[in-house]
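Single-structure report; data block below.
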Amino acid sequence: MEIKKQKKLRGRLTVPGDKSISHRAVMFGSLAKGTTRISHFLTGADCLSTISCFRKMGIAIEQNGSEILVHGRGLHGLSAPDEMLDVGNSGTTTRLISGILAGQSFTTELNGDASIQTRPMKRIITPLETMGADIVSLRGNGCAPLRICGKPLHAVHYNSPVASAQVKSCVLLAGMYADGITSVTEPVLSRNHTEIMLNYFGAKVDSKGTTASICPNPVLEAREVNVPGDISSAAYFIAAGLLTPDSEILLENVGVNPTRDGFLRVLKDMGADITLLNYKDDGEPTADLLVRTSSLHGVSVGGEIIPALIDEIPMIAVLAAFAEGTTVIRDAQELKVKESDRISVMVENLQRMGADIEGTDDGMVIHGGVPLHGAVIDSHLDHRVAMSFAIAGTVCPGTLDIIGAECVNISYPEFYRDLYSLSAK
C-alpha cells in the first residue's frame, strides 16, 4: 500500500464496531438461552474467528453484514467440535474461549496462525490449572496449540501479575463453571467489557477496585447488543485530524468506556482539540468525537493509564514524533507480546522515516519535531502498526510504502477506503 501526503481531511465517519465487545457478544450469546441480536458487529478477521469456533461447537449463528443472530443453547449447551478450533490471529478468542472450554464435558484442541503460536498463554494456563483445569500447551512452550480437557472446576481468588482483560475474562468465564465464587484481582484495572456485558446477560459479577468476582452457574438470557464504535479504530482518524493541516473530522458513536479512554486523556495532555458530543451511557458509554487540527507537545505516558491505551501506543508514538518536545512511554512491557514486538517494530520503522526515537525495556523515548519523510515500512503483519504508519504517511512528504498492508483486515477491513474518503471531501 502506498500512502501519500494529504492537504486536509474533512468529513464524518462511523468506525467499525468495538472488537472486544463484538467478541464477547458472540461468546455470551452462545451461552445464553434464546436468540441474541448483535448490531454494528465488527466483521474483521479476529471476530469472525470467534464465530467460526462457536459454530463448530454447535451454535447456529446467522450473519447479515454487521448484524449477527446468535441462537444460544445455554451455559451447558456447547457440543464437542469435530475438528481443532482455529482462532486465527485472535488473542482474545484464544484466551477467553479457553476459560469457557475448561469447564465443558469434552476435550478441545485450538490453534491459530504463526503469531498466535508465539503469544504467551501461560498467563491463562496458570490460573486455570489452579482451578483444577486440564490444559496443556502441546509444544510445551506455554503457547498455542492448546489441548483443553473439560472437567469440574474449583472456585479461586486469583491475583493476576498483569493487568490484562483477557486473563481476567478467562478466569471469570471459567468461574461460571466452578463450585463457588471466583474472583480476580489485578495490579491495575484493565478494560471491563466482560463484567459489564456478563451482568447485562444475567450473570452476577461484582466489581470493587481492581477485583472482580462472579457467582457460579448463572442463567444467561439472550439480549440485544448494539456494539459502539471501536475507540482503537477511531484513534487513527483522531490522529489524522490532529496532524493534517486545516482538518476537521466527526467520528460518530465511539465507545468512551473509562477503562479504554486513556488515548483521549493523553491527547488532551498533548494539547489536542477534541470535543465530546452526544454523550450517552447505556452501560457502555459512547460519544461523538469532533477532532480539529492541533499543535501537540510531548508528554510522559506511564503508570495506571497504560492498560487503558495499550493498543493505541503505536499511534501515540507516531503522534509524538510530530509533536514538539520529548515524549516518554514507560510501563508498557505488554507491547512486546502483542501481534508483534511493538516496541522494536515502532522504533525500527520510525527511524526509517527519520524520527529521533529509542526503545527501552518497557517503552520508548521520542524526541519530536524532527522532519519525517516517506520510507518503506514493514508492518510485521501487525494491524495496529500498519494503520499507525498509514496516518504518518498522510502528513509527511514523499511516499510511504507499507509491506503487509492487508493485515488491517484483522480489525478494520475498510480502513484505507475510509481514510481516503476523508481526503476526497
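Residue numbers start at 1 in each chain; chains themselves are named A, B, ... in the order of the C-alpha cells; ligands are numbered from 1 in the order shown.
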(Q) I'd like to know which residues of segment 98-311 of chain A are alpha helix (DSSP H) (by DSSP, run on the backbone); could you write them as an MDAnalysis selection string? (A) chainID A and resid 98:101 122:130 165:175 193:201 231:243 262:270
Q: If you run DSSP over the backbone, which residues in segment 183-421 of chain A end up strand (DSSP E)? Put them as number ranges by chain.
A: A: 183-185, 205-208, 211-214, 224-226, 248-255, 273-281, 285-292, 300-301, 326-329, 356-360, 363-367, 376-378, 400-403
May I have the selected residues written with C-alpha atoms, as a PDB file, in the first residue's frame?
ATOM      1  CA  SER A 183     -12.561 -13.656  41.821  1.00  0.00           C
ATOM      2  CA  VAL A 184      -9.621 -11.949  40.108  1.00  0.00           C
ATOM      3  CA  THR A 185      -7.515  -9.103  41.461  1.00  0.00           C
ATOM      4  CA  VAL A 205     -20.480 -10.076  38.639  1.00  0.00           C
ATOM      5  CA  ASP A 206     -19.341  -7.762  41.409  1.00  0.00           C
ATOM      6  CA  SER A 207     -16.532  -5.231  40.899  1.00  0.00           C
ATOM      7  CA  LYS A 208     -14.706  -3.476  43.727  1.00  0.00           C
ATOM      8  CA  THR A 211     -11.143  -7.078  41.980  1.00  0.00           C
ATOM      9  CA  ALA A 212     -13.969  -8.698  40.013  1.00  0.00           C
ATOM     10  CA  SER A 213     -15.966 -11.678  41.327  1.00  0.00           C
ATOM     11  CA  ILE A 214     -18.528 -13.956  39.676  1.00  0.00           C
ATOM     12  CA  GLU A 224     -29.975  -7.092  22.091  1.00  0.00           C
ATOM     13  CA  VAL A 225     -26.405  -5.793  21.790  1.00  0.00           C
ATOM     14  CA  ASN A 226     -25.641  -2.588  19.877  1.00  0.00           C
ATOM     15  CA  GLU A 248     -11.990  18.674  10.954  1.00  0.00           C
ATOM     16  CA  ILE A 249     -13.379  15.154  11.450  1.00  0.00           C
ATOM     17  CA  LEU A 250     -16.500  13.982  13.279  1.00  0.00           C
ATOM     18  CA  LEU A 251     -16.370  10.362  14.496  1.00  0.00           C
ATOM     19  CA  GLU A 252     -19.819   9.117  15.441  1.00  0.00           C
ATOM     20  CA  ASN A 253     -20.915   6.815  18.278  1.00  0.00           C
ATOM     21  CA  VAL A 254     -17.461   5.916  19.613  1.00  0.00           C
ATOM     22  CA  GLY A 255     -17.115   3.891  22.810  1.00  0.00           C
ATOM     23  CA  ASP A 273      -8.557  19.864  20.225  1.00  0.00           C
ATOM     24  CA  ILE A 274     -11.117  17.079  20.761  1.00  0.00           C
ATOM     25  CA  THR A 275     -14.731  17.744  21.770  1.00  0.00           C
ATOM     26  CA  LEU A 276     -17.138  15.062  23.005  1.00  0.00           C
ATOM     27  CA  LEU A 277     -20.699  15.490  21.721  1.00  0.00           C
ATOM     28  CA  ASN A 278     -23.934  13.497  22.292  1.00  0.00           C
ATOM     29  CA  TYR A 279     -22.554  11.609  25.283  1.00  0.00           C
ATOM     30  CA  LYS A 280     -24.682   8.600  26.306  1.00  0.00           C
ATOM     31  CA  ASP A 281     -24.230   5.929  28.952  1.00  0.00           C
ATOM     32  CA  PRO A 285     -20.596   4.999  27.388  1.00  0.00           C
ATOM     33  CA  THR A 286     -20.478   6.471  23.871  1.00  0.00           C
ATOM     34  CA  ALA A 287     -19.964   9.906  22.319  1.00  0.00           C
ATOM     35  CA  ASP A 288     -19.353  11.625  19.002  1.00  0.00           C
ATOM     36  CA  LEU A 289     -15.784  12.948  18.781  1.00  0.00           C
ATOM     37  CA  LEU A 290     -15.121  16.229  16.969  1.00  0.00           C
ATOM     38  CA  VAL A 291     -11.417  16.482  16.087  1.00  0.00           C
ATOM     39  CA  ARG A 292      -9.630  19.584  14.753  1.00  0.00           C
ATOM     40  CA  SER A 300       5.090  11.401  29.810  1.00  0.00           C
ATOM     41  CA  VAL A 301       2.894   8.301  29.489  1.00  0.00           C
ATOM     42  CA  THR A 326      10.086  14.796  24.160  1.00  0.00           C
ATOM     43  CA  THR A 327       7.561  12.040  24.876  1.00  0.00           C
ATOM     44  CA  VAL A 328       8.461   9.193  27.234  1.00  0.00           C
ATOM     45  CA  ILE A 329       6.392   5.983  27.179  1.00  0.00           C
ATOM     46  CA  ASP A 356      14.660  10.605  16.749  1.00  0.00           C
ATOM     47  CA  ILE A 357      13.440   7.640  18.806  1.00  0.00           C
ATOM     48  CA  GLU A 358      14.977   4.999  21.032  1.00  0.00           C
ATOM     49  CA  GLY A 359      13.475   1.887  22.550  1.00  0.00           C
ATOM     50  CA  THR A 360      13.638   0.979  26.235  1.00  0.00           C
ATOM     51  CA  GLY A 363       8.586   1.590  26.167  1.00  0.00           C
ATOM     52  CA  MET A 364      10.300   4.261  24.126  1.00  0.00           C
ATOM     53  CA  VAL A 365      11.607   7.827  24.169  1.00  0.00           C
ATOM     54  CA  ILE A 366      10.635  10.035  21.232  1.00  0.00           C
ATOM     55  CA  HIS A 367      12.232  13.437  20.590  1.00  0.00           C
ATOM     56  CA  VAL A 376       9.369   1.538   3.208  1.00  0.00           C
ATOM     57  CA  ILE A 377       7.640   0.276   6.361  1.00  0.00           C
ATOM     58  CA  ASP A 378       7.388  -3.355   7.450  1.00  0.00           C
ATOM     59  CA  LEU A 400       5.232   5.755   2.439  1.00  0.00           C
ATOM     60  CA  ASP A 401       5.084   2.084   1.368  1.00  0.00           C
ATOM     61  CA  ILE A 402       3.598  -0.401   3.826  1.00  0.00           C
ATOM     62  CA  ILE A 403       4.639  -4.036   3.478  1.00  0.00           C
TER      63      ILE A 403
END
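Here the question is which of A:Leu198, A:Ala144, A:Leu319, A:Ile313 gets nearest to Ala25 of chain A using only C-alpha atoms, and that residue is A:Leu198.
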Q | Residues within 7 Å of segment 165-169 of chain A, only C-alpha atoms, excluding chain neighbours under 3 positions, as a list in words | A | Thr92, Arg95, Leu96, Arg123, Ile124, Leu172, Leu173, Val184, Ser190, Arg191, Asn192 and Thr194 of chain A
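Counting only C-alpha atoms, Gly140 of chain A has the following residues at most 12 Å away, ignoring those fewer than 2 positions along the same chain: A:Gln117, A:Thr118, A:Pro120, A:Met121, A:Lys122, A:Ile125, A:Ile135, A:Val136, A:Ser137, A:Leu138, A:Gly142, A:Cys143, A:Ala144, A:Pro145, A:Leu146, A:Arg147.
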What does the file look like for those residues with all heavy atoms, as a CSV table (one decimal), in the first residue's frame?
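The resulting file, again_11.csv, is reproduced below:
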chain,number,residue,atom,x,y,z
A,117,GLN,N,0.9,-18.6,17.8
A,117,GLN,CA,1.7,-19.7,18.3
A,117,GLN,C,3.0,-19.2,19.0
A,117,GLN,O,3.7,-20.0,19.6
A,117,GLN,CB,2.1,-20.6,17.1
A,117,GLN,CG,1.0,-21.3,16.6
A,117,GLN,CD,1.3,-22.1,15.3
A,117,GLN,OE1,2.5,-22.4,15.0
A,117,GLN,NE2,0.3,-22.5,14.5
A,118,THR,N,3.2,-17.8,19.1
A,118,THR,CA,4.3,-17.3,19.8
A,118,THR,C,3.8,-16.4,21.0
A,118,THR,O,4.6,-16.0,21.8
A,118,THR,CB,5.2,-16.4,19.0
A,118,THR,OG1,4.4,-15.2,18.5
A,118,THR,CG2,5.7,-17.1,17.7
A,120,PRO,N,2.1,-15.5,24.6
A,120,PRO,CA,2.1,-16.2,25.9
A,120,PRO,C,0.8,-16.6,26.4
A,120,PRO,O,-0.1,-15.8,26.7
A,120,PRO,CB,2.8,-15.2,26.9
A,120,PRO,CG,2.5,-13.8,26.3
A,120,PRO,CD,2.4,-14.0,24.8
A,121,MET,N,0.6,-17.9,26.5
A,121,MET,CA,-0.7,-18.5,27.1
A,121,MET,C,-0.5,-19.0,28.5
A,121,MET,O,-1.5,-19.4,29.1
A,121,MET,CB,-1.2,-19.6,26.1
A,121,MET,CG,-1.6,-19.1,24.8
A,121,MET,SD,-2.9,-17.8,24.9
A,121,MET,CE,-2.6,-16.9,23.3
A,122,LYS,N,0.8,-19.0,29.0
A,122,LYS,CA,1.0,-19.4,30.3
A,122,LYS,C,0.2,-18.6,31.3
A,122,LYS,O,-0.2,-19.0,32.4
A,122,LYS,CB,2.5,-19.4,30.7
A,122,LYS,CG,2.9,-20.0,32.0
A,122,LYS,CD,2.7,-21.5,31.9
A,122,LYS,CE,3.2,-22.2,33.2
A,122,LYS,NZ,3.0,-23.6,33.2
A,125,ILE,N,-3.0,-20.4,31.4
A,125,ILE,CA,-2.8,-21.8,31.9
A,125,ILE,C,-2.7,-21.8,33.4
A,125,ILE,O,-3.3,-22.7,34.0
A,125,ILE,CB,-1.6,-22.4,31.2
A,125,ILE,CG1,-1.9,-22.6,29.7
A,125,ILE,CG2,-1.3,-23.8,31.8
A,125,ILE,CD1,-0.7,-23.0,28.8
A,135,ILE,N,-5.3,-28.3,31.1
A,135,ILE,CA,-5.0,-27.5,29.9
A,135,ILE,C,-3.5,-27.7,29.6
A,135,ILE,O,-2.7,-27.5,30.5
A,135,ILE,CB,-5.4,-26.0,30.0
A,135,ILE,CG1,-4.9,-25.2,28.8
A,135,ILE,CG2,-4.9,-25.4,31.3
A,135,ILE,CD1,-5.5,-23.8,28.8
A,136,VAL,N,-3.1,-28.0,28.4
A,136,VAL,CA,-1.8,-28.3,28.0
A,136,VAL,C,-1.3,-27.6,26.8
A,136,VAL,O,-2.1,-27.5,25.8
A,136,VAL,CB,-1.6,-29.9,27.8
A,136,VAL,CG1,-0.2,-30.2,27.3
A,136,VAL,CG2,-2.0,-30.6,29.0
A,137,SER,N,-0.1,-27.0,26.8
A,137,SER,CA,0.5,-26.4,25.6
A,137,SER,C,1.1,-27.6,24.9
A,137,SER,O,2.1,-28.2,25.4
A,137,SER,CB,1.5,-25.4,26.0
A,137,SER,OG,2.4,-25.1,24.9
A,138,LEU,N,0.6,-27.9,23.7
A,138,LEU,CA,1.0,-29.2,23.1
A,138,LEU,C,2.5,-29.2,22.7
A,138,LEU,O,3.1,-30.3,22.5
A,138,LEU,CB,0.1,-29.4,21.8
A,138,LEU,CG,-1.3,-29.7,22.1
A,138,LEU,CD1,-2.1,-29.9,20.8
A,138,LEU,CD2,-1.5,-31.0,23.0
A,142,GLY,N,4.3,-23.1,26.5
A,142,GLY,CA,3.4,-22.1,27.0
A,142,GLY,C,2.6,-21.3,26.0
A,142,GLY,O,2.1,-20.3,26.3
A,143,CYS,N,2.6,-21.8,24.8
A,143,CYS,CA,1.9,-21.1,23.7
A,143,CYS,C,0.9,-22.1,23.0
A,143,CYS,O,0.9,-23.3,23.3
A,143,CYS,CB,2.9,-20.6,22.7
A,143,CYS,SG,4.1,-19.5,23.3
A,144,ALA,N,0.1,-21.6,22.1
A,144,ALA,CA,-0.7,-22.5,21.3
A,144,ALA,C,0.2,-23.3,20.4
A,144,ALA,O,1.3,-22.9,20.0
A,144,ALA,CB,-1.7,-21.7,20.5
A,145,PRO,N,-0.3,-24.5,19.9
A,145,PRO,CA,-1.7,-25.1,20.1
A,145,PRO,C,-1.9,-25.6,21.6
A,145,PRO,O,-0.9,-26.0,22.3
A,145,PRO,CB,-1.7,-26.2,19.1
A,145,PRO,CG,-0.3,-26.6,18.9
A,145,PRO,CD,0.5,-25.3,19.1
A,146,LEU,N,-3.2,-25.5,22.0
A,146,LEU,CA,-3.6,-25.9,23.3
A,146,LEU,C,-4.5,-27.1,23.2
A,146,LEU,O,-5.3,-27.2,22.3
A,146,LEU,CB,-4.2,-24.8,24.1
A,146,LEU,CG,-3.5,-23.5,24.3
A,146,LEU,CD1,-4.4,-22.4,24.9
A,146,LEU,CD2,-2.2,-23.7,25.1
A,147,ARG,N,-4.4,-28.0,24.2
A,147,ARG,CA,-5.5,-29.0,24.4
A,147,ARG,C,-6.1,-28.8,25.8
A,147,ARG,O,-5.4,-28.7,26.8
A,147,ARG,CB,-4.9,-30.4,24.4
A,147,ARG,CG,-6.0,-31.5,24.6
A,147,ARG,CD,-5.4,-32.9,24.8
A,147,ARG,NE,-4.7,-33.4,23.6
A,147,ARG,CZ,-3.5,-33.9,23.5
A,147,ARG,NH1,-2.8,-33.9,24.6
A,147,ARG,NH2,-3.0,-34.3,22.4
Q) Counting only C-alpha atoms, what is within 12 Å of Asp18 of chain A, bar same-chain residues fewer than 2 positions away, as a ChimeraX atom specification? A) /A:14-16,20-25,38-44,46-47,66,193,225-234,253-257,260,284,286,411-412
Q: Please provide the set of residues having any atom within 9 Å of Val219 of chain A, restricted to only C-alpha atoms, with same-chain residues fewer than 5 positions apart removed, written as a PyMOL selection string.
A: chain A and resi 31-33+74-75+201-203
Only all heavy atoms, please: the residues just picked out, written as an mmCIF file, in the first residue's frame.
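And here's again.cif as it stands now:
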data_model
loop_
_atom_site.group_PDB
_atom_site.id
_atom_site.type_symbol
_atom_site.label_atom_id
_atom_site.label_comp_id
_atom_site.auth_asym_id
_atom_site.auth_seq_id
_atom_site.Cartn_x
_atom_site.Cartn_y
_atom_site.Cartn_z
ATOM 1 N N LEU A 31 -23.782 -18.770 25.015
ATOM 2 C CA LEU A 31 -24.006 -19.426 26.303
ATOM 3 C C LEU A 31 -25.326 -19.015 26.938
ATOM 4 O O LEU A 31 -25.661 -19.462 28.044
ATOM 5 C CB LEU A 31 -22.855 -19.103 27.261
ATOM 6 C CG LEU A 31 -21.456 -19.513 26.786
ATOM 7 C CD1 LEU A 31 -20.400 -19.065 27.791
ATOM 8 C CD2 LEU A 31 -21.365 -21.015 26.549
ATOM 9 N N ALA A 32 -26.069 -18.142 26.265
ATOM 10 C CA ALA A 32 -27.351 -17.668 26.775
ATOM 11 C C ALA A 32 -28.495 -18.505 26.213
ATOM 12 O O ALA A 32 -28.343 -19.226 25.222
ATOM 13 C CB ALA A 32 -27.543 -16.198 26.415
ATOM 14 N N LYS A 33 -29.658 -18.390 26.833
ATOM 15 C CA LYS A 33 -30.862 -19.041 26.332
ATOM 16 C C LYS A 33 -31.585 -18.081 25.400
ATOM 17 O O LYS A 33 -31.888 -16.949 25.780
ATOM 18 C CB LYS A 33 -31.771 -19.427 27.495
ATOM 19 C CG LYS A 33 -31.202 -20.502 28.404
ATOM 20 C CD LYS A 33 -32.180 -20.855 29.511
ATOM 21 C CE LYS A 33 -31.654 -21.995 30.384
ATOM 22 N NZ LYS A 33 -32.618 -22.351 31.465
ATOM 23 N N GLY A 74 -27.614 -22.036 26.002
ATOM 24 C CA GLY A 74 -27.451 -22.091 27.446
ATOM 25 C C GLY A 74 -26.019 -22.376 27.870
ATOM 26 O O GLY A 74 -25.160 -22.736 27.059
ATOM 27 N N LEU A 75 -25.782 -22.250 29.159
ATOM 28 C CA LEU A 75 -24.429 -22.342 29.715
ATOM 29 C C LEU A 75 -23.781 -23.693 29.422
ATOM 30 O O LEU A 75 -22.561 -23.777 29.232
ATOM 31 C CB LEU A 75 -24.480 -22.099 31.223
ATOM 32 C CG LEU A 75 -23.158 -21.836 31.931
ATOM 33 C CD1 LEU A 75 -22.537 -20.525 31.464
ATOM 34 C CD2 LEU A 75 -23.354 -21.810 33.448
ATOM 35 N N PHE A 201 -26.248 -9.799 30.559
ATOM 36 C CA PHE A 201 -26.827 -11.071 30.139
ATOM 37 C C PHE A 201 -27.434 -11.853 31.309
ATOM 38 O O PHE A 201 -28.063 -12.877 31.084
ATOM 39 C CB PHE A 201 -25.774 -11.932 29.440
ATOM 40 C CG PHE A 201 -25.669 -11.700 27.962
ATOM 41 C CD1 PHE A 201 -24.912 -10.650 27.460
ATOM 42 C CD2 PHE A 201 -26.321 -12.521 27.059
ATOM 43 C CE1 PHE A 201 -24.812 -10.419 26.096
ATOM 44 C CE2 PHE A 201 -26.237 -12.313 25.691
ATOM 45 C CZ PHE A 201 -25.478 -11.247 25.199
ATOM 46 N N GLY A 202 -27.235 -11.387 32.544
ATOM 47 C CA GLY A 202 -27.881 -12.025 33.685
ATOM 48 C C GLY A 202 -26.970 -12.679 34.696
ATOM 49 O O GLY A 202 -27.446 -13.246 35.697
ATOM 50 N N ALA A 203 -25.666 -12.638 34.474
ATOM 51 C CA ALA A 203 -24.732 -13.174 35.466
ATOM 52 C C ALA A 203 -24.624 -12.219 36.648
ATOM 53 O O ALA A 203 -25.093 -11.076 36.590
ATOM 54 C CB ALA A 203 -23.363 -13.396 34.834
#
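Using only C-alpha atoms for every distance, the candidate list A:His76, A:Met387, A:Arg330, A:Gln351 yields A:His76 as the residue closest to Ile100 of chain A.
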Q) Using only C-alpha atoms, which residue out of A:Val370, A:Leu335, A:Met197, A:Cys396 lies closest to Arg384 of chain A? A) A:Leu335
**Q.** Interatomic distance (Å, one decimal) between atom CA of Ala178 of chain A and atom CA of Thr108 of chain A
**A.** 18.6 Å
